[in-house]
>>> print(open('input.csv').read())   # CSV, C-alpha atoms and all ligand atoms
chain,number,residue,atom,x,y,z
A,1,MET,CA,48.5,189.8,61.9
A,2,SER,CA,50.7,186.9,60.9
A,3,PRO,CA,51.6,184.2,63.5
A,4,VAL,CA,54.6,185.5,65.4
A,5,HIS,CA,57.9,183.6,65.2
A,6,PRO,CA,60.4,186.4,65.2
A,7,GLU,CA,63.2,183.9,65.8
A,8,ASN,CA,62.6,182.7,62.2
A,9,TRP,CA,62.2,186.1,60.6
A,10,PRO,CA,65.2,187.3,58.7
A,11,VAL,CA,67.1,190.3,60.1
A,12,LEU,CA,68.6,192.7,57.6
A,13,VAL,CA,72.0,193.9,58.7
A,14,ILE,CA,73.0,197.2,57.0
A,15,LYS,CA,76.4,198.9,57.3
A,16,GLY,CA,77.0,202.5,56.3
A,17,GLY,CA,73.8,204.2,55.5
A,18,VAL,CA,70.2,203.1,55.0
A,19,ASP,CA,68.3,203.8,51.8
A,20,ASP,CA,65.3,206.1,51.4
A,21,GLU,CA,62.8,203.3,51.8
A,22,LEU,CA,64.3,202.0,55.0
A,23,LEU,CA,64.6,205.5,56.3
A,24,ARG,CA,60.9,206.1,55.7
A,25,ASP,CA,60.0,202.8,57.4
A,26,PHE,CA,62.3,203.6,60.4
A,27,THR,CA,60.8,207.1,60.7
A,28,ALA,CA,57.2,205.7,60.6
A,29,LEU,CA,58.0,203.1,63.2
A,30,ALA,CA,59.7,205.7,65.4
A,31,ALA,CA,56.6,207.9,65.2
A,32,ALA,CA,54.3,205.0,66.1
A,33,ALA,CA,56.5,204.1,69.1
A,34,GLU,CA,56.6,207.7,70.2
A,35,GLU,CA,52.8,208.0,70.0
A,36,SER,CA,52.4,204.9,72.1
A,37,ASP,CA,55.2,205.5,74.6
A,38,GLY,CA,55.3,209.2,74.9
A,39,ASN,CA,59.0,209.2,74.1
A,40,PRO,CA,60.9,209.2,70.8
A,41,PRO,CA,62.8,205.9,70.6
A,42,LEU,CA,65.8,207.6,68.8
A,43,SER,CA,67.9,210.5,69.9
A,44,GLU,CA,68.2,213.4,67.6
A,45,GLN,CA,71.8,212.6,66.7
A,46,THR,CA,70.7,209.2,65.5
A,47,PHE,CA,68.2,210.7,63.1
A,48,VAL,CA,70.8,213.2,61.9
A,49,THR,CA,73.1,210.2,61.2
A,50,LEU,CA,70.4,208.2,59.5
A,51,ARG,CA,69.5,211.0,57.2
A,52,ALA,CA,73.1,211.7,56.4
A,53,GLY,CA,73.6,208.1,55.2
A,54,GLU,CA,77.0,207.2,53.8
A,55,SER,CA,78.1,210.8,53.8
A,56,GLY,CA,77.6,211.2,57.6
A,57,SER,CA,80.4,211.8,60.0
A,58,HIS,CA,79.5,208.8,62.2
A,59,PRO,CA,79.5,205.2,60.8
A,60,LEU,CA,76.2,203.5,61.2
A,61,LEU,CA,75.0,199.9,61.7
A,62,ALA,CA,71.3,199.2,61.3
A,63,LEU,CA,69.3,196.0,61.7
A,64,ALA,CA,65.8,195.7,60.5
A,65,LEU,CA,63.4,192.9,61.2
A,66,TYR,CA,60.4,192.6,58.9
A,67,ALA,CA,57.4,190.5,59.7
A,68,PRO,CA,56.2,188.4,56.8
A,69,ASP,CA,52.7,189.4,55.6
A,70,GLU,CA,50.4,186.4,55.7
A,71,ASP,CA,48.6,187.5,52.5
A,72,SER,CA,51.7,187.3,50.4
A,73,ASP,CA,54.8,185.2,49.9
A,74,PRO,CA,56.3,184.8,53.4
A,75,ALA,CA,59.7,185.3,51.9
A,76,THR,CA,58.7,188.9,50.9
A,77,ALA,CA,59.5,191.3,53.6
A,78,GLN,CA,56.5,193.4,54.6
A,79,ASP,CA,55.9,195.1,57.9
A,80,LEU,CA,58.8,196.6,59.8
A,81,ALA,CA,58.4,195.0,63.2
A,82,GLY,CA,61.5,196.5,64.8
A,83,PHE,CA,64.9,197.9,64.2
A,84,ALA,CA,68.1,198.5,66.0
A,85,VAL,CA,70.6,201.3,65.1
A,86,VAL,CA,74.2,201.6,66.3
A,87,VAL,CA,75.8,205.0,65.8
A,88,GLU,CA,79.6,204.3,65.9
A,89,GLU,CA,82.4,206.6,66.9
A,90,ALA,CA,85.8,206.7,65.3
A,91,ASP,CA,87.3,205.1,68.5
A,92,GLY,CA,85.2,201.9,68.1
A,93,THR,CA,82.6,202.8,70.7
A,94,GLY,CA,78.9,202.9,69.7
A,95,VAL,CA,75.5,203.6,71.1
A,96,LEU,CA,72.6,201.3,70.4
A,97,GLU,CA,68.9,202.2,70.2
A,98,VAL,CA,66.2,199.7,69.6
A,99,ALA,CA,62.5,200.3,68.6
A,100,VAL,CA,59.7,197.8,68.3
A,101,HIS,CA,56.4,198.7,66.6
A,102,PRO,CA,53.6,198.8,69.2
A,103,SER,CA,51.8,196.0,67.3
A,104,TYR,CA,54.8,193.7,67.6
A,105,ARG,CA,55.6,194.2,71.3
A,106,ASN,CA,56.2,191.3,73.8
A,107,GLN,CA,57.0,188.8,71.1
A,108,GLY,CA,60.8,188.7,71.3
A,109,VAL,CA,61.4,191.2,68.4
A,110,ALA,CA,63.9,193.3,70.4
A,111,ASP,CA,65.7,190.2,71.8
A,112,ARG,CA,66.1,188.8,68.2
A,113,LEU,CA,67.6,192.1,67.1
A,114,VAL,CA,70.0,192.3,70.0
A,115,ALA,CA,71.0,188.7,69.6
A,116,THR,CA,71.7,189.3,65.9
A,117,LEU,CA,73.7,192.4,66.8
A,118,LYS,CA,75.7,190.3,69.3
A,119,SER,CA,76.6,187.7,66.7
A,120,SER,CA,77.3,190.2,63.8
A,121,ARG,CA,79.1,193.1,65.6
A,122,GLY,CA,79.5,192.0,69.2
A,123,PHE,CA,79.0,194.3,72.2
A,124,ASP,CA,82.5,195.7,72.3
A,125,GLY,CA,82.4,199.4,73.3
A,126,LEU,CA,78.7,199.4,73.1
A,127,LYS,CA,76.2,201.3,75.3
A,128,ALA,CA,72.5,201.5,74.8
A,129,TRP,CA,69.8,204.2,75.3
A,130,SER,CA,66.4,203.5,76.7
A,131,HIS,CA,64.4,206.7,76.1
A,132,GLY,CA,61.8,206.9,78.8
A,133,ASN,CA,63.3,203.9,80.5
A,134,HIS,CA,60.9,201.4,79.2
A,135,GLU,CA,60.4,198.4,81.4
A,136,ALA,CA,61.0,195.9,78.5
A,137,ALA,CA,64.3,197.7,77.8
A,138,ALA,CA,65.4,197.3,81.5
A,139,ASP,CA,64.6,193.5,81.2
A,140,LEU,CA,66.5,193.2,78.0
A,141,ALA,CA,69.5,195.1,79.3
A,142,ALA,CA,69.6,192.8,82.4
A,143,LYS,CA,69.5,189.7,80.2
A,144,TYR,CA,72.6,190.8,78.4
A,145,GLY,CA,74.4,191.9,81.6
A,146,TYR,CA,73.9,195.6,81.1
A,147,VAL,CA,73.3,198.0,83.9
A,148,PRO,CA,72.2,201.7,84.1
A,149,VAL,CA,75.3,203.9,83.7
A,150,ARG,CA,73.8,207.3,82.9
A,151,GLU,CA,70.5,209.1,83.4
A,152,LEU,CA,69.3,211.9,81.3
A,153,TRP,CA,66.5,213.9,82.8
A,154,LYS,CA,63.7,215.5,80.9
A,155,MET,CA,62.6,218.5,82.9
A,156,ARG,CA,59.7,220.9,82.3
A,157,LEU,CA,59.0,224.4,83.5
A,158,THR,CA,56.2,224.4,86.0
A,159,THR,CA,56.1,228.1,86.8
A,160,SER,CA,54.7,230.9,84.7
A,161,ALA,CA,56.5,233.7,82.8
A,162,ALA,CA,55.8,236.2,85.6
A,163,GLU,CA,57.6,234.0,88.1
A,164,LEU,CA,60.8,233.8,86.2
A,165,PRO,CA,63.5,235.9,88.0
A,166,GLU,CA,65.0,238.9,86.4
A,167,ALA,CA,68.4,237.8,85.2
A,168,VAL,CA,71.0,240.4,84.6
A,169,LEU,CA,73.9,239.9,82.2
A,170,PRO,CA,77.4,240.3,83.7
A,171,ASP,CA,79.0,243.7,82.9
A,172,ASN,CA,80.2,244.2,79.4
A,173,VAL,CA,78.3,241.1,78.1
A,174,THR,CA,75.7,241.5,75.4
A,175,LEU,CA,73.3,239.1,73.7
A,176,ARG,CA,72.8,238.8,70.0
A,177,ALA,CA,71.4,236.2,67.6
A,178,PHE,CA,73.6,233.6,65.9
A,179,VAL,CA,74.4,234.6,62.3
A,180,PRO,CA,74.6,231.7,59.9
A,181,GLY,CA,77.6,231.8,57.6
A,182,GLN,CA,79.5,233.8,60.2
A,183,ASP,CA,79.4,232.2,63.7
A,184,GLU,CA,79.7,228.5,63.0
A,185,GLU,CA,83.4,228.1,63.8
A,186,ALA,CA,83.5,230.3,66.9
A,187,TRP,CA,80.3,228.7,68.2
A,188,LEU,CA,81.8,225.2,67.7
A,189,ALA,CA,84.9,226.2,69.7
A,190,ALA,CA,82.8,227.8,72.5
A,191,ASN,CA,80.6,224.6,72.6
A,192,LYS,CA,83.6,222.4,72.8
A,193,ALA,CA,85.0,224.4,75.7
A,194,ALA,CA,81.7,224.5,77.6
A,195,PHE,CA,81.0,220.8,77.1
A,196,SER,CA,84.5,219.4,77.4
A,197,HIS,CA,83.1,217.0,80.0
A,198,HIS,CA,80.1,215.9,77.9
A,199,PRO,CA,80.4,212.9,75.6
A,200,GLU,CA,78.0,213.9,72.9
A,201,GLN,CA,77.5,217.6,72.9
A,202,GLY,CA,81.2,218.6,73.1
A,203,ASN,CA,82.1,216.5,70.0
A,204,MET,CA,79.7,218.3,67.7
A,205,THR,CA,81.2,218.8,64.3
A,206,GLN,CA,80.7,221.4,61.6
A,207,GLN,CA,78.7,218.8,59.7
A,208,ASP,CA,76.5,218.0,62.7
A,209,LEU,CA,75.9,221.7,63.2
A,210,GLU,CA,75.0,222.2,59.5
A,211,ALA,CA,72.7,219.3,59.6
A,212,ARG,CA,70.7,220.9,62.4
A,213,MET,CA,70.8,224.3,60.7
A,214,ALA,CA,69.2,222.6,57.7
A,215,GLU,CA,66.3,221.3,59.8
A,216,ASP,CA,62.8,223.0,59.5
A,217,TRP,CA,62.9,224.0,63.1
A,218,PHE,CA,66.1,225.9,62.9
A,219,ASP,CA,65.6,229.6,63.8
A,220,PRO,CA,68.7,231.7,64.2
A,221,ALA,CA,66.7,234.3,66.1
A,222,GLY,CA,66.2,231.8,68.9
A,223,PHE,CA,69.9,230.9,69.0
A,224,LEU,CA,71.3,233.5,71.4
A,225,LEU,CA,75.0,234.2,71.8
A,226,ALA,CA,76.5,236.1,74.8
A,227,VAL,CA,79.6,238.1,73.6
A,228,ASP,CA,82.2,240.3,75.2
A,229,PRO,CA,83.2,243.7,73.8
A,230,SER,CA,85.7,242.0,71.4
A,231,GLY,CA,83.0,239.8,70.0
A,232,ARG,CA,84.2,236.6,71.7
A,233,ILE,CA,81.5,234.1,72.5
A,234,LEU,CA,81.2,233.5,76.3
A,235,GLY,CA,78.0,231.5,76.3
A,236,PHE,CA,74.9,230.6,74.3
A,237,HIS,CA,71.4,229.5,74.6
A,238,TRP,CA,70.0,227.6,71.5
A,239,THR,CA,66.3,227.2,71.7
A,240,LYS,CA,64.1,224.8,69.7
A,241,VAL,CA,60.4,224.8,69.0
A,242,HIS,CA,58.6,221.5,68.6
A,243,PRO,CA,55.5,222.3,66.6
A,244,ARG,CA,52.1,220.9,67.5
A,245,HIS,CA,51.7,217.4,66.2
A,246,GLY,CA,48.7,215.0,66.6
A,247,GLY,CA,47.1,215.8,69.9
A,248,HIS,CA,50.3,217.3,71.3
A,249,PRO,CA,50.5,221.0,71.7
A,250,ALA,CA,53.7,222.9,70.6
A,251,ILE,CA,56.4,223.0,73.1
A,252,GLY,CA,59.6,225.0,73.4
A,253,GLU,CA,62.9,223.5,74.4
A,254,VAL,CA,66.0,224.8,76.1
A,255,TYR,CA,68.0,222.9,73.5
A,256,VAL,CA,71.6,223.8,74.5
A,257,VAL,CA,72.9,226.2,77.1
A,258,GLY,CA,76.6,226.5,77.6
A,259,VAL,CA,79.0,229.0,79.2
A,260,THR,CA,82.7,228.8,78.5
A,261,PRO,CA,84.7,227.8,81.6
A,262,GLU,CA,86.3,231.2,82.2
A,263,ALA,CA,82.8,232.9,82.2
A,264,GLN,CA,81.1,230.3,84.5
A,265,GLY,CA,79.7,231.2,87.9
A,266,MET,CA,79.0,234.9,87.0
A,267,GLY,CA,75.3,234.6,86.4
A,268,LEU,CA,75.6,234.3,82.7
A,269,GLY,CA,74.1,230.8,82.5
A,270,LYS,CA,71.1,232.0,84.4
A,271,ALA,CA,70.7,235.2,82.3
A,272,LEU,CA,71.0,233.2,79.0
A,273,THR,CA,68.5,230.6,80.1
A,274,VAL,CA,66.0,233.2,81.2
A,275,ALA,CA,66.5,235.2,78.0
A,276,GLY,CA,65.9,232.1,75.8
A,277,ILE,CA,62.7,231.1,77.8
A,278,ARG,CA,61.4,234.6,77.3
A,279,TYR,CA,62.1,234.4,73.6
A,280,LEU,CA,60.1,231.1,73.5
A,281,GLN,CA,57.3,232.7,75.4
A,282,ASP,CA,57.3,235.7,73.0
A,283,GLN,CA,56.7,233.1,70.2
A,284,GLY,CA,53.5,232.0,72.1
A,285,LEU,CA,55.1,228.9,73.7
A,286,HIS,CA,54.2,228.5,77.3
A,287,ALA,CA,55.3,225.0,77.8
A,288,VAL,CA,59.1,224.7,78.0
A,289,MET,CA,61.2,221.5,78.5
A,290,LEU,CA,64.8,220.5,78.4
A,291,TYR,CA,67.1,217.5,78.8
A,292,THR,CA,70.0,217.4,81.2
A,293,ASP,CA,72.3,214.8,82.7
A,294,ALA,CA,71.0,214.0,86.2
A,295,ASP,CA,74.5,214.3,87.6
A,296,ASN,CA,75.2,217.7,86.0
A,297,ALA,CA,74.9,219.5,89.4
A,298,PRO,CA,75.4,223.1,88.1
A,299,ALA,CA,72.8,222.6,85.3
A,300,VAL,CA,70.2,220.8,87.5
A,301,SER,CA,70.6,223.4,90.2
A,302,LEU,CA,70.2,226.3,87.7
A,303,TYR,CA,67.1,224.7,86.1
A,304,ARG,CA,65.5,223.9,89.5
A,305,ARG,CA,65.9,227.5,90.7
A,306,LEU,CA,64.1,228.7,87.5
A,307,GLY,CA,61.2,226.4,88.2
A,308,PHE,CA,62.0,223.2,86.2
A,309,THR,CA,61.0,219.9,87.7
A,310,ARG,CA,61.9,216.3,86.6
A,311,TRP,CA,59.4,215.0,84.2
A,312,ASP,CA,60.9,211.8,82.8
A,313,ALA,CA,64.2,210.1,82.3
A,314,ASP,CA,66.2,208.4,79.6
A,315,VAL,CA,68.6,205.7,80.9
A,316,MET,CA,71.8,204.6,79.3
A,317,TYR,CA,72.9,201.1,79.8
A,318,GLY,CA,76.5,199.8,79.7
A,319,PRO,CA,78.2,196.5,80.6
A,320,LYS,CA,78.2,195.6,84.3
A,321,ASN,CA,82.0,195.4,84.4
A,322,GLY,CA,82.4,198.7,82.6
A,323,GLY,CA,84.2,197.0,79.7
B,401,LIG,C1,75.2,224.9,83.6
B,401,LIG,C2,75.9,226.3,83.2
B,401,LIG,C3,75.3,226.7,81.9
B,401,LIG,C4,75.6,227.3,84.3
B,401,LIG,O1,76.2,228.5,83.8
B,401,LIG,P1,76.9,229.6,84.8
B,401,LIG,O2,77.0,230.8,84.1
B,401,LIG,O3,78.1,228.9,85.4
B,401,LIG,O4,75.8,229.6,86.0
B,401,LIG,P2,75.3,230.9,86.8
B,401,LIG,O5,76.5,231.7,87.3
B,401,LIG,O6,74.4,231.7,86.0
B,401,LIG,O7,74.6,230.3,88.0
B,401,LIG,C5,73.2,230.1,87.9
B,401,LIG,C6,72.8,229.0,88.9
B,401,LIG,O8,73.5,227.8,88.6
B,401,LIG,C7,73.8,227.1,89.8
B,401,LIG,N1,75.2,226.8,89.7
B,401,LIG,C8,76.2,227.4,88.9
B,401,LIG,N2,77.3,226.7,89.0
B,401,LIG,C9,77.1,225.7,89.9
B,401,LIG,C10,78.0,224.7,90.5
B,401,LIG,N3,79.3,224.6,90.1
B,401,LIG,N4,77.4,223.9,91.4
B,401,LIG,C11,76.1,224.0,91.7
B,401,LIG,N5,75.3,224.9,91.2
B,401,LIG,C12,75.8,225.8,90.4
B,401,LIG,C13,73.5,228.0,90.9
B,401,LIG,O9,72.3,227.5,91.5
B,401,LIG,C14,73.2,229.4,90.4
B,401,LIG,O10,72.1,229.9,91.0
B,401,LIG,P3,72.2,231.2,91.9
B,401,LIG,O11,72.9,232.2,91.2
B,401,LIG,O12,70.8,231.5,92.1
B,401,LIG,O13,72.9,230.7,93.1
B,401,LIG,C15,77.4,226.1,83.1
B,401,LIG,O14,77.9,225.5,84.2
B,401,LIG,C16,77.9,225.3,81.9
B,401,LIG,O15,78.0,225.9,80.8
B,401,LIG,N6,78.2,224.1,82.1
B,401,LIG,C17,78.7,223.2,81.0
B,401,LIG,C18,77.7,223.0,79.9
B,401,LIG,C19,76.4,222.4,80.4
B,401,LIG,O16,76.5,221.4,81.2
B,401,LIG,N7,75.3,222.9,80.1
B,401,LIG,C20,74.0,222.4,80.5
B,401,LIG,C21,73.6,221.3,79.6
B,401,LIG,S1,72.0,220.7,80.1
>>> encode(input="input.csv", output="structure tokens", more="lines below")
Ligand SMILES: CC(C)(COP(=O)(O)OP(=O)(O)OC[C@H]1O[C@@H](n2cnc3c(N)ncnc32)[C@H](O)[C@@H]1OP(=O)(O)O)[C@@H](O)C(=O)NCCC(=O)NCCS
Amino acid sequence: MSPVHPENWPVLVIKGGVDDELLRDFTALAAAAEESDGNPPLSEQTFVTLRAGESGSHPLLALALYAPDEDSDPATAQDLAGFAVVVEEADGTGVLEVAVHPSYRNQGVADRLVATLKSSRGFDGLKAWSHGNHEAAADLAAKYGYVPVRELWKMRLTTSAAELPEAVLPDNVTLRAFVPGQDEEAWLAANKAAFSHHPEQGNMTQQDLEARMAEDWFDPAGFLLAVDPSGRILGFHWTKVHPRHGGHPAIGEVYVVGVTPEAQGMGLGKALTVAGIRYLQDQGLHAVMLYTDADNAPAVSLYRRLGFTRWDADVMYGPKNGG
């Protein structure tokens, strides 16, 4: 490996969308980081935004730091040592995620990216995710005056199928699978109502939904809707299957569970969650996980009662003064 002087390496600052080559490099680095850390360094929305490029619904700012290859002209960018991505919102806020290749850790790569971000964009309205709450991320956050402001738990089911409670649907409520081309608009409205308090999930757009439906993993049969006799959506449980990769076995995910406010507290969330887990188990998936905000008391209580326990946590950092 070349001698390490990341403070001298050029940082590419890209506004809008990244090209296919950069996307490939980012994806490969994210995979290497996940393999080494056990956590993906980017959230799913960031990947959706990166893939959508200029046509995406969220503006993007990306920084890439390439290490020069000692065998060639040092001016020629070679190895992607690290990158930073900011997914911006229309209101000027943004969320930062940084990833450093395992071969380039502990050499100031992330610091150089963040320092460049500070001088090019500034930190206005900026928060940052640390997936898995990496120690180096905590140090970096502290250096820039950032403190933990939100904790997202990863939970996994530790009980067997037989131990899941029988969960009965409220009267006059039935379950059916999502129908692509028919249910998008009504589901987006139900999702917005259920997640009105939730910064990311509640703002999902038609384009965000379509991007997920275009992914290989999308399976409408595992996207359950609870409807009343008039066909109105009262709740939903969208499941996701993460196929086996490398040495990691396939795992099912309680991807999104939501109940519209007027239907909450009647046992529908529990019935939907159990139905989705049984669907995953019928597909041969016995490991099931989910993400939830640590302070979402109804959700944490529901999941704990079903046998989920805390597995890991992602931490969001924000400025100490809240500004
Ligand atoms: C979390 C959510 C799906 C629960 O759905 P629900 O239909 O209201 O819940 P249920 O009536 O089925 O209750 C199931 C369990 O949840 C827990 N629960 C529900 N509401 C609760 C509340 N306000 N406070 C604490 N626990 C609560 C109870 O433990 C209950 O278990 P019990 O019946 O054995 O006592 C629902 O509150 C919701 O849609 N919230 C907004 C979206 C969201 O946050 N989804 C989860 C994302 S990770």
>>> residues_around(input="input.csv", residues="Leu12 of chain A", least_positions_apart="4", cutoff="7 Å", atoms="only C-alpha atoms", output="list in words")
Leu63, Ala64 and Leu65 of chain A
>>> closest_atom_pairs(input="input.csv", of="chain A", to="ligand LIG 401 (chain B)", cutoff="9 Å", atoms="only C-alpha atoms and all ligand atoms", output="JSON lines")
{"residue": "A:Ala167", "atom": "CA", "partner": "B:LIG401", "partner_atom": "O6", "distance": 8.6}
{"residue": "A:Asn191", "atom": "CA", "partner": "B:LIG401", "partner_atom": "C18", "distance": 8.0}
{"residue": "A:Ala193", "atom": "CA", "partner": "B:LIG401", "partner_atom": "C17", "distance": 8.3}
{"residue": "A:Ala194", "atom": "CA", "partner": "B:LIG401", "partner_atom": "C17", "distance": 4.7}
{"residue": "A:Phe195", "atom": "CA", "partner": "B:LIG401", "partner_atom": "C18", "distance": 4.9}
{"residue": "A:Ser196", "atom": "CA", "partner": "B:LIG401", "partner_atom": "C17", "distance": 7.8}
{"residue": "A:His197", "atom": "CA", "partner": "B:LIG401", "partner_atom": "C17", "distance": 7.7}
{"residue": "A:His198", "atom": "CA", "partner": "B:LIG401", "partner_atom": "O16", "distance": 7.4}
{"residue": "A:Gln201", "atom": "CA", "partner": "B:LIG401", "partner_atom": "C21", "distance": 8.6}
{"residue": "A:Gly202", "atom": "CA", "partner": "B:LIG401", "partner_atom": "C18", "distance": 8.8}
{"residue": "A:Gly235", "atom": "CA", "partner": "B:LIG401", "partner_atom": "O15", "distance": 7.2}
{"residue": "A:Phe236", "atom": "CA", "partner": "B:LIG401", "partner_atom": "C3", "distance": 8.6}
{"residue": "A:His237", "atom": "CA", "partner": "B:LIG401", "partner_atom": "C3", "distance": 8.7}
{"residue": "A:Val254", "atom": "CA", "partner": "B:LIG401", "partner_atom": "S1", "distance": 8.3}
{"residue": "A:Tyr255", "atom": "CA", "partner": "B:LIG401", "partner_atom": "S1", "distance": 8.0}
{"residue": "A:Val256", "atom": "CA", "partner": "B:LIG401", "partner_atom": "C21", "distance": 6.0}
{"residue": "A:Val257", "atom": "CA", "partner": "B:LIG401", "partner_atom": "N7", "distance": 5.1}
{"residue": "A:Gly258", "atom": "CA", "partner": "B:LIG401", "partner_atom": "O15", "distance": 3.5}
{"residue": "A:Val259", "atom": "CA", "partner": "B:LIG401", "partner_atom": "O15", "distance": 3.6}
{"residue": "A:Thr260", "atom": "CA", "partner": "B:LIG401", "partner_atom": "O15", "distance": 6.0}
{"residue": "A:Pro261", "atom": "CA", "partner": "B:LIG401", "partner_atom": "O15", "distance": 7.0}
{"residue": "A:Ala263", "atom": "CA", "partner": "B:LIG401", "partner_atom": "O2", "distance": 6.5}
{"residue": "A:Gln264", "atom": "CA", "partner": "B:LIG401", "partner_atom": "O3", "distance": 3.4}
{"residue": "A:Gly265", "atom": "CA", "partner": "B:LIG401", "partner_atom": "O5", "distance": 3.3}
{"residue": "A:Met266", "atom": "CA", "partner": "B:LIG401", "partner_atom": "O5", "distance": 4.1}
{"residue": "A:Gly267", "atom": "CA", "partner": "B:LIG401", "partner_atom": "O6", "distance": 3.1}
{"residue": "A:Leu268", "atom": "CA", "partner": "B:LIG401", "partner_atom": "O2", "distance": 4.0}
{"residue": "A:Gly269", "atom": "CA", "partner": "B:LIG401", "partner_atom": "O2", "distance": 3.3}
{"residue": "A:Lys270", "atom": "CA", "partner": "B:LIG401", "partner_atom": "O6", "distance": 3.7}
{"residue": "A:Ala271", "atom": "CA", "partner": "B:LIG401", "partner_atom": "O6", "distance": 6.3}
{"residue": "A:Leu272", "atom": "CA", "partner": "B:LIG401", "partner_atom": "O6", "distance": 7.9}
{"residue": "A:Thr273", "atom": "CA", "partner": "B:LIG401", "partner_atom": "C3", "distance": 8.0}
{"residue": "A:Leu290", "atom": "CA", "partner": "B:LIG401", "partner_atom": "S1", "distance": 7.4}
{"residue": "A:Tyr291", "atom": "CA", "partner": "B:LIG401", "partner_atom": "S1", "distance": 6.0}
{"residue": "A:Thr292", "atom": "CA", "partner": "B:LIG401", "partner_atom": "S1", "distance": 4.0}
{"residue": "A:Asp293", "atom": "CA", "partner": "B:LIG401", "partner_atom": "S1", "distance": 6.5}
{"residue": "A:Asn296", "atom": "CA", "partner": "B:LIG401", "partner_atom": "O16", "distance": 6.2}
{"residue": "A:Ala297", "atom": "CA", "partner": "B:LIG401", "partner_atom": "C11", "distance": 5.2}
{"residue": "A:Pro298", "atom": "CA", "partner": "B:LIG401", "partner_atom": "C12", "distance": 3.6}
{"residue": "A:Ala299", "atom": "CA", "partner": "B:LIG401", "partner_atom": "C1", "distance": 3.7}
{"residue": "A:Val300", "atom": "CA", "partner": "B:LIG401", "partner_atom": "N5", "distance": 7.5}
{"residue": "A:Ser301", "atom": "CA", "partner": "B:LIG401", "partner_atom": "O9", "distance": 4.6}
{"residue": "A:Leu302", "atom": "CA", "partner": "B:LIG401", "partner_atom": "O8", "distance": 3.7}
{"residue": "A:Tyr303", "atom": "CA", "partner": "B:LIG401", "partner_atom": "O8", "distance": 7.5}
{"residue": "A:Arg304", "atom": "CA", "partner": "B:LIG401", "partner_atom": "O9", "distance": 7.9}
{"residue": "A:Arg305", "atom": "CA", "partner": "B:LIG401", "partner_atom": "O9", "distance": 6.4}
{"residue": "A:Leu306", "atom": "CA", "partner": "B:LIG401", "partner_atom": "O12", "distance": 8.6}
>>> closest_residue(input="input.csv", among="A:Gly246, A:Asp282, A:Thr174, A:Phe218", to="Leu234 of chain A", atoms="all atoms listed in the file")
A:Thr174
>>> closest_residue(input="input.csv", among="A:Ala190, A:Ala128, A:Leu80, A:Val48", to="Tyr144 of chain A", atoms="all atoms listed in the file")
A:Ala128
>>> residues_around(input="input.csv", residues="segment 105-113 of chain A", least_positions_apart="3", cutoff="12 Å", atoms="only C-alpha atoms", output="JSON list (two decimals) with C-alpha atoms, in the frame of the given file")
[["chain", "number", "residue", "atom", "x", "y", "z"],
["A", 3, "PRO", "CA", 51.60, 184.20, 63.50],
["A", 4, "VAL", "CA", 54.60, 185.50, 65.40],
["A", 5, "HIS", "CA", 57.90, 183.60, 65.20],
["A", 6, "PRO", "CA", 60.40, 186.40, 65.20],
["A", 7, "GLU", "CA", 63.20, 183.90, 65.80],
["A", 8, "ASN", "CA", 62.60, 182.70, 62.20],
["A", 9, "TRP", "CA", 62.20, 186.10, 60.60],
["A", 10, "PRO", "CA", 65.20, 187.30, 58.70],
["A", 11, "VAL", "CA", 67.10, 190.30, 60.10],
["A", 12, "LEU", "CA", 68.60, 192.70, 57.60],
["A", 13, "VAL", "CA", 72.00, 193.90, 58.70],
["A", 33, "ALA", "CA", 56.50, 204.10, 69.10],
["A", 36, "SER", "CA", 52.40, 204.90, 72.10],
["A", 37, "ASP", "CA", 55.20, 205.50, 74.60],
["A", 62, "ALA", "CA", 71.30, 199.20, 61.30],
["A", 63, "LEU", "CA", 69.30, 196.00, 61.70],
["A", 64, "ALA", "CA", 65.80, 195.70, 60.50],
["A", 65, "LEU", "CA", 63.40, 192.90, 61.20],
["A", 66, "TYR", "CA", 60.40, 192.60, 58.90],
["A", 67, "ALA", "CA", 57.40, 190.50, 59.70],
["A", 80, "LEU", "CA", 58.80, 196.60, 59.80],
["A", 81, "ALA", "CA", 58.40, 195.00, 63.20],
["A", 82, "GLY", "CA", 61.50, 196.50, 64.80],
["A", 83, "PHE", "CA", 64.90, 197.90, 64.20],
["A", 84, "ALA", "CA", 68.10, 198.50, 66.00],
["A", 85, "VAL", "CA", 70.60, 201.30, 65.10],
["A", 86, "VAL", "CA", 74.20, 201.60, 66.30],
["A", 96, "LEU", "CA", 72.60, 201.30, 70.40],
["A", 97, "GLU", "CA", 68.90, 202.20, 70.20],
["A", 98, "VAL", "CA", 66.20, 199.70, 69.60],
["A", 99, "ALA", "CA", 62.50, 200.30, 68.60],
["A", 100, "VAL", "CA", 59.70, 197.80, 68.30],
["A", 101, "HIS", "CA", 56.40, 198.70, 66.60],
["A", 102, "PRO", "CA", 53.60, 198.80, 69.20],
["A", 116, "THR", "CA", 71.70, 189.30, 65.90],
["A", 117, "LEU", "CA", 73.70, 192.40, 66.80],
["A", 118, "LYS", "CA", 75.70, 190.30, 69.30],
["A", 119, "SER", "CA", 76.60, 187.70, 66.70],
["A", 120, "SER", "CA", 77.30, 190.20, 63.80],
["A", 121, "ARG", "CA", 79.10, 193.10, 65.60],
["A", 134, "HIS", "CA", 60.90, 201.40, 79.20],
["A", 135, "GLU", "CA", 60.40, 198.40, 81.40],
["A", 136, "ALA", "CA", 61.00, 195.90, 78.50],
["A", 137, "ALA", "CA", 64.30, 197.70, 77.80],
["A", 138, "ALA", "CA", 65.40, 197.30, 81.50],
["A", 139, "ASP", "CA", 64.60, 193.50, 81.20],
["A", 140, "LEU", "CA", 66.50, 193.20, 78.00],
["A", 141, "ALA", "CA", 69.50, 195.10, 79.30],
["A", 142, "ALA", "CA", 69.60, 192.80, 82.40],
["A", 143, "LYS", "CA", 69.50, 189.70, 80.20],
["A", 144, "TYR", "CA", 72.60, 190.80, 78.40]]
